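The structure appears right after this line, and notes come after that.
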Amino acid sequence: MILDAHSHVHDPLDAHLSALDAAGVHRTVLFPTRAHPERAADLDSLHDEMGALERALAGGSGDDGFALALRELDEALAAHPDRFLGFGSVPLGRPDAEIAARVERDVTGRGLYGIGELTPPPDRAALVEPVLRAAHDHPGLPVVVHGAAPTTAADVRTLADLAARYPKVPLVISQLAGAHWMLAIELARATPNLHLELSTANIVFAVRLAIHELPTRTFFGSDAPYGDPVVARTTVERVTSPGEVRDRVLGGNLAELLGLGQLPVSGGAFG
């Protein structure tokens with residue numbers, strides 16, 4: 001089974017399903033989102049959508065935006081439960097009790113598979129700690145944190161320190177930590193519950209090295225709509241040989257992390 005470890009709710013959903021079918025992806029992790037670049041028809045409208053993304057990455061998290069994103073996620077999951085593996089986000093910088101209550105209500109209470117994608121502002125990855133503390137009360141519940149820009153090297157180090165502090169919580173750094181991929185691989189080697197998702201890496205060698213060093217803790221992901229599932233899968237297959245490691249990265253590792261077992265297979269073929 002091919003599992004995409006990173007995608008966001010699309011509008012319309014059919015465009016996402018077509019991309020998954022083209023890549024032979026059976027199921028994908030689906031994060032809520034307040035930005036929809038796939039809606040843009042021209043440069044001006046893309047600026048508007050990317051502005052929403054920039055505000056989110058800078059720490060903007062109005063409750064109205066979170067509520068709308070969760071409604072869109074719920075609608076997508078209800079429409080295609082055989083294709084999507086829902087994750088739920090929570091706002092950062094709130095009191096510990098509120099974050100714990102939101103994890104209970106908006107993640108586990110919805111029957112979702114994990115928390116994410118969290119987007120702490122640059123150099124403030126410590127804001128993730130209350131979420132890890134809450135996740136610790138739900139054994140095996142993974143937490144996914146944005147890893148590309150504007151995430152800093154200091155943030156990557158902070159996330160590794162937090163993972164070590166909460167060893168029962170699987171912590172996933174997405175996008176192979178962007179420009180800080182070498183540091184992320186080095187820290188993950190020393191931190192057994194730190195995992196790396198491989199989407200949008202712009203250096204193929206980074207993907208090859210991450211898989212070589214962490215064959216059981218790296219995940220194929222597309223970051224769709226920002227990335228493309230066909231390109232992301234092709235990248236993994238270009239740097240691996242057929243066999244157990246490739247199978248693990250393309251789905252086995254994620255299935256193990258989420259406790260999926262043998263799920264019904266749906267979706268198109270690839271290649």
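The chains in the structure tokens are called A, B, ... from first to last as shown; in each chain the residues are counted from 1, and the ligands are counted from 1 in the order shown.
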
Would you mind listing what lies within 9 Å of segment 156-162 of chain A as a list of chain:residue names, with only C-alpha atoms counted and same-chain residues fewer than 6 positions away left out?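 Contacts, with the query itself left out: A:Asp123, A:Arg124, A:Ala125, A:Ala126, A:Val128, A:Glu129, A:Leu132, A:Val145, A:Gly147, A:Leu171, A:Ile173, A:Ala177, A:His180, A:Leu183, A:Ala184, A:Leu187, A:Ala188, A:Ala190, A:Thr191, A:Leu194.
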
Using DSSP on the backbone coordinates, identify the residues of segment 96-251 of chain A assigned to alpha helix (DSSP H); present them as an MDAnalysis selection string. chainID A and resid 96:102 129:135 153:165 181:189 204:213 229:238 244:247

Could you name the residues that touch Ile203 of chain A at 10 Å or less, counting only C-alpha atoms, but leaving out those on the same chain fewer than 2 positions away, as a PyMOL selection string? chain A and resi 178-179+181+200-201+205-208+235

Nearest to Leu118 of chain A, restricted to only C-alpha atoms and choosing among A:Ile185, A:Thr33, A:Leu85, A:Asp137, comes out as A:Thr33

re atom CA of Ala149 of chain A and atom CA of Gly221 of chain A: distance 17.0 Å

Name the residues of segment 196-251 of chain A that fall into strand (DSSP E) according to DSSP on the backbone, using the chain letters and numbers of this document, as a list of chain:residue names.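 DSSP on the backbone gives strand (DSSP E) at A:Leu196, A:Glu197, A:Thr218, A:Phe219.
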
Prev. selection, C-alpha atoms, output as a PDB file, in the first residue's frame:
```
ATOM      1  CA  LEU A 196      11.295  12.859   9.008  1.00  0.00           C
ATOM      2  CA  GLU A 197       8.757  13.351   6.241  1.00  0.00           C
ATOM      3  CA  THR A 218      11.289   8.394   6.957  1.00  0.00           C
ATOM      4  CA  PHE A 219       8.001   8.846   5.107  1.00  0.00           C
TER       5      PHE A 219
END
```

Of the candidates A:Arg94, A:Arg217, A:His212, A:His6, which shows the shortest atom-to-atom distance to Thr240 of chain A, using only C-alpha atoms? A:His212

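Nearest to Ala255 of chain A of all the residues A:Met50, A:Thr108, A:Phe220, A:Leu127 is A:Phe220, counting only C-alpha atoms.
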
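Atom to atom, atom CA of Leu92 of chain A and atom CA of Pro37 of chain A stand 23.4 Å apart.
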
Would you please work out which residue, of A:Val172, A:Val204, A:Ala134, A:Ala67, is nearest to Ala97 of chain A when using only C-alpha atoms?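 Of A:Val172, A:Val204, A:Ala134, A:Ala67, the one nearest Ala97 of chain A, counting only C-alpha atoms, is A:Ala134.
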
Closest of A:Glu54, A:Glu72, A:Asp48, A:Asp96 to Leu13 of chain A - atom-to-atom distances counting only C-alpha atoms: A:Glu72

Contacts of Val107 of chain A at 12 Å (only C-alpha atoms; same-chain gap of 5+ positions) as a PyMOL selection string: chain A and resi 31-32+70+73-74+85-90+99-102+112-116+131+134-135+138+141-143

Can you tell me which residues surround Ser222 of chain A at a distance of at most 9 Å, considering only C-alpha atoms, apart from same-chain residues fewer than 4 positions away, and format the answer as a list in words? Asp4, Ala5, His6, Ser7, Gln175, Leu198, Ser199, Thr200, Tyr226, Gly227, Asp228, Pro229, Val230, Val231, Ala232 and Arg233 of chain A

Just to be explicit: take each residue in the selection above, keep all heavy atoms, and write the result as a compact mmCIF listing (two decimals), in the first residue's frame.
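Done, and the output landed in part.txt:
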```txt
# COMPACT_ATOMS: atom_id res chain seq x y z
N ASP A 4 0.72 8.45 1.34
CA ASP A 4 1.30 9.79 1.32
C ASP A 4 1.17 10.36 2.72
O ASP A 4 0.07 10.48 3.26
CB ASP A 4 0.53 10.63 0.29
CG ASP A 4 1.09 12.04 0.11
OD1 ASP A 4 1.82 12.52 1.00
OD2 ASP A 4 0.76 12.66 -0.92
N ALA A 5 2.28 10.73 3.33
CA ALA A 5 2.28 11.16 4.72
C ALA A 5 2.00 12.64 4.91
O ALA A 5 2.01 13.12 6.05
CB ALA A 5 3.64 10.82 5.37
N HIS A 6 1.73 13.37 3.81
CA HIS A 6 1.58 14.82 3.98
C HIS A 6 0.77 15.41 2.82
O HIS A 6 1.27 15.49 1.69
CB HIS A 6 2.97 15.48 4.03
CG HIS A 6 2.95 16.94 4.37
ND1 HIS A 6 3.98 17.55 5.05
CD2 HIS A 6 2.06 17.92 4.11
CE1 HIS A 6 3.72 18.84 5.20
NE2 HIS A 6 2.54 19.08 4.63
N SER A 7 -0.44 15.83 3.11
CA SER A 7 -1.21 16.61 2.14
C SER A 7 -2.21 17.46 2.89
O SER A 7 -2.48 17.24 4.08
CB SER A 7 -1.92 15.71 1.12
OG SER A 7 -2.97 14.99 1.73
N GLN A 175 8.67 18.07 5.57
CA GLN A 175 9.46 18.68 4.49
C GLN A 175 10.98 18.50 4.69
O GLN A 175 11.76 19.34 4.27
CB GLN A 175 9.12 20.17 4.34
CG GLN A 175 7.70 20.43 3.92
CD GLN A 175 6.91 21.18 4.99
OE1 GLN A 175 7.37 21.37 6.12
NE2 GLN A 175 5.72 21.58 4.64
N LEU A 198 9.42 13.51 3.89
CA LEU A 198 10.37 13.84 2.83
C LEU A 198 9.86 14.79 1.76
O LEU A 198 10.55 15.02 0.76
CB LEU A 198 10.83 12.55 2.15
CG LEU A 198 11.46 11.50 3.06
CD1 LEU A 198 11.65 10.18 2.30
CD2 LEU A 198 12.80 11.99 3.61
N SER A 199 8.69 15.38 1.92
CA SER A 199 8.11 16.17 0.83
C SER A 199 8.89 17.44 0.54
O SER A 199 9.57 18.00 1.41
CB SER A 199 6.67 16.54 1.16
OG SER A 199 6.60 17.40 2.28
N THR A 200 8.76 17.88 -0.70
CA THR A 200 9.28 19.16 -1.23
C THR A 200 10.78 19.34 -1.06
O THR A 200 11.27 20.46 -1.13
CB THR A 200 8.53 20.37 -0.62
OG1 THR A 200 8.75 20.46 0.79
CG2 THR A 200 7.03 20.27 -0.88
N TYR A 226 1.10 21.91 -2.59
CA TYR A 226 2.37 22.61 -2.83
C TYR A 226 3.34 21.71 -3.59
O TYR A 226 4.16 22.20 -4.36
CB TYR A 226 2.97 23.07 -1.50
CG TYR A 226 2.04 23.96 -0.73
CD1 TYR A 226 1.22 23.45 0.26
CD2 TYR A 226 1.96 25.32 -1.01
CE1 TYR A 226 0.34 24.26 0.96
CE2 TYR A 226 1.08 26.14 -0.32
CZ TYR A 226 0.27 25.61 0.66
OH TYR A 226 -0.61 26.42 1.34
N GLY A 227 3.27 20.42 -3.34
CA GLY A 227 4.06 19.45 -4.08
C GLY A 227 3.15 18.53 -4.86
O GLY A 227 1.92 18.62 -4.76
N ASP A 228 3.74 17.63 -5.62
CA ASP A 228 2.96 16.73 -6.48
C ASP A 228 3.24 15.28 -6.09
O ASP A 228 4.41 14.88 -5.98
CB ASP A 228 3.34 16.96 -7.94
CG ASP A 228 2.53 16.09 -8.87
OD1 ASP A 228 1.45 16.52 -9.29
OD2 ASP A 228 2.97 14.96 -9.17
N PRO A 229 2.20 14.47 -5.89
CA PRO A 229 2.42 13.09 -5.47
C PRO A 229 3.25 12.27 -6.45
O PRO A 229 4.05 11.42 -6.03
CB PRO A 229 1.00 12.52 -5.34
CG PRO A 229 0.14 13.70 -5.08
CD PRO A 229 0.77 14.83 -5.86
N VAL A 230 3.08 12.49 -7.76
CA VAL A 230 3.86 11.74 -8.75
C VAL A 230 5.34 12.07 -8.61
O VAL A 230 6.20 11.18 -8.58
CB VAL A 230 3.37 12.02 -10.18
CG1 VAL A 230 4.32 11.40 -11.20
CG2 VAL A 230 1.96 11.48 -10.38
N VAL A 231 5.66 13.35 -8.51
CA VAL A 231 7.06 13.77 -8.38
C VAL A 231 7.66 13.24 -7.08
O VAL A 231 8.79 12.74 -7.06
CB VAL A 231 7.16 15.31 -8.44
CG1 VAL A 231 8.59 15.76 -8.17
CG2 VAL A 231 6.68 15.83 -9.79
N ALA A 232 6.91 13.34 -6.00
CA ALA A 232 7.43 12.89 -4.70
C ALA A 232 7.68 11.39 -4.70
O ALA A 232 8.71 10.92 -4.21
CB ALA A 232 6.45 13.27 -3.60
N ARG A 233 6.75 10.62 -5.25
CA ARG A 233 6.96 9.17 -5.30
C ARG A 233 8.14 8.83 -6.21
O ARG A 233 8.96 7.95 -5.89
CB ARG A 233 5.69 8.45 -5.77
CG ARG A 233 5.91 6.95 -5.87
CD ARG A 233 4.64 6.19 -6.20
NE ARG A 233 4.96 4.77 -6.40
CZ ARG A 233 4.09 3.82 -6.68
NH1 ARG A 233 2.81 4.12 -6.81
NH2 ARG A 233 4.48 2.57 -6.83
```
